[in-house]
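What follows is a short report on a single structure.
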Amino acid sequence: MKFLELDVRTALVVHGYDQDNQEIVEKVNEPSFLTKLIAIERIQSVSEQYILVTGSHGRIMYWEYRETMDRLRGRLAEAGMILP
């Protein structure tokens, strides 16, 4: 298993869906970033603002990250994790 070290903080946690198929979203306002080793397999997508990762019990989380998307893309490419 490969890991990526990133400074992240949780922004949103999706706990599932309600009876109307609307996401049940918890907004989280963590004040500071934490350094985490993230299993690459947990990453679902990356945007300019968030990295979307899977969590326990079927949850997904949107984490803010400290780097730029270009820097993160470069790190993933160097590790052979992005297809050309």
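Residue names in the structure tokens use chain letters A, B, ... in the order shown, residue numbers from 1 in each chain, and ligand numbers from 1 in the order shown.
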Open item on the list: Let's see if you can do this: from backbone DSSP, list all helix (DSSP H, G or I) residues in chain A, as number ranges by chain.
Closed with: A: 40-42, 56-58, 69-78
Open item on the list: Residues within 10 Å of Val25 of chain A, please, as a list in words. Count only C-alpha atoms; anything in the same chain fewer than 2 positions from it doesn't count.
Closed with: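 My list of contacting residues is Leu12, Val13, Val14, His15, Gly16, Tyr17, Gln22, Glu23, Lys27, Val28, Arg59, Ile60 and Met61 of chain A.
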Open item on the list: What's around segment 32-40 of chain A at 8 Å? Count only C-alpha atoms, leave out sequence neighbours fewer than 2 positions away in its own chain, and write the answer as a list of chain:residue names.
Closed with: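 Result of the neighbour search: A:Met1, A:Lys2, A:Phe3, A:Leu4, A:Glu5, A:Leu6, A:Asp7, A:Val8, A:Arg9, A:Glu30, A:Arg42, A:Ile43, A:Tyr65, A:Arg66.
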Store the residues picked out above, limited to N, CA and C atoms, as an mmCIF file, in the first residue's frame.
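The resulting part_4.cif:
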data_model
loop_
_atom_site.group_PDB
_atom_site.id
_atom_site.type_symbol
_atom_site.label_atom_id
_atom_site.label_comp_id
_atom_site.auth_asym_id
_atom_site.auth_seq_id
_atom_site.Cartn_x
_atom_site.Cartn_y
_atom_site.Cartn_z
ATOM 1 N N MET A 1 0.851 -1.175 0.000
ATOM 2 C CA MET A 1 0.000 0.000 0.000
ATOM 3 C C MET A 1 0.893 1.235 0.000
ATOM 4 N N LYS A 2 0.550 2.221 -0.833
ATOM 5 C CA LYS A 2 1.309 3.460 -0.901
ATOM 6 C C LYS A 2 0.579 4.554 -0.133
ATOM 7 N N PHE A 3 1.384 5.436 0.462
ATOM 8 C CA PHE A 3 0.846 6.537 1.247
ATOM 9 C C PHE A 3 1.377 7.861 0.736
ATOM 10 N N LEU A 4 0.598 8.914 0.954
ATOM 11 C CA LEU A 4 0.970 10.274 0.597
ATOM 12 C C LEU A 4 0.886 11.115 1.865
ATOM 13 N N GLU A 5 1.940 11.863 2.150
ATOM 14 C CA GLU A 5 1.920 12.740 3.316
ATOM 15 C C GLU A 5 1.419 14.111 2.889
ATOM 16 N N LEU A 6 0.373 14.581 3.573
ATOM 17 C CA LEU A 6 -0.232 15.880 3.269
ATOM 18 C C LEU A 6 -0.661 16.577 4.547
ATOM 19 N N ASP A 7 -0.656 17.899 4.512
ATOM 20 C CA ASP A 7 -1.240 18.704 5.580
ATOM 21 C C ASP A 7 -2.693 18.959 5.191
ATOM 22 N N VAL A 8 -3.630 18.448 5.995
ATOM 23 C CA VAL A 8 -5.055 18.538 5.671
ATOM 24 C C VAL A 8 -5.859 18.948 6.901
ATOM 25 N N ARG A 9 -7.072 19.392 6.634
ATOM 26 C CA ARG A 9 -8.056 19.587 7.697
ATOM 27 C C ARG A 9 -9.425 19.262 7.105
ATOM 28 N N GLU A 30 -12.379 22.800 11.317
ATOM 29 C CA GLU A 30 -11.140 22.563 12.047
ATOM 30 C C GLU A 30 -10.251 23.795 11.897
ATOM 31 N N ARG A 42 -7.536 5.619 -0.774
ATOM 32 C CA ARG A 42 -8.660 6.364 -0.194
ATOM 33 C C ARG A 42 -9.030 7.592 -1.021
ATOM 34 N N ILE A 43 -8.112 8.072 -1.857
ATOM 35 C CA ILE A 43 -8.354 9.298 -2.620
ATOM 36 C C ILE A 43 -9.309 9.018 -3.777
ATOM 37 N N TYR A 65 -6.522 21.035 1.754
ATOM 38 C CA TYR A 65 -5.096 20.725 1.842
ATOM 39 C C TYR A 65 -4.291 21.990 1.616
ATOM 40 N N ARG A 66 -3.071 21.989 2.139
ATOM 41 C CA ARG A 66 -2.267 23.208 2.177
ATOM 42 C C ARG A 66 -1.526 23.478 0.862
#
TODO: Step one, run DSSP on the backbone; step two, keep only residues of chain A assigned to strand (DSSP E or B); then write them as a PyMOL selection string.
DONE: chain A and resi 3-17+23-27+34-39+43-46+50-54+60-65
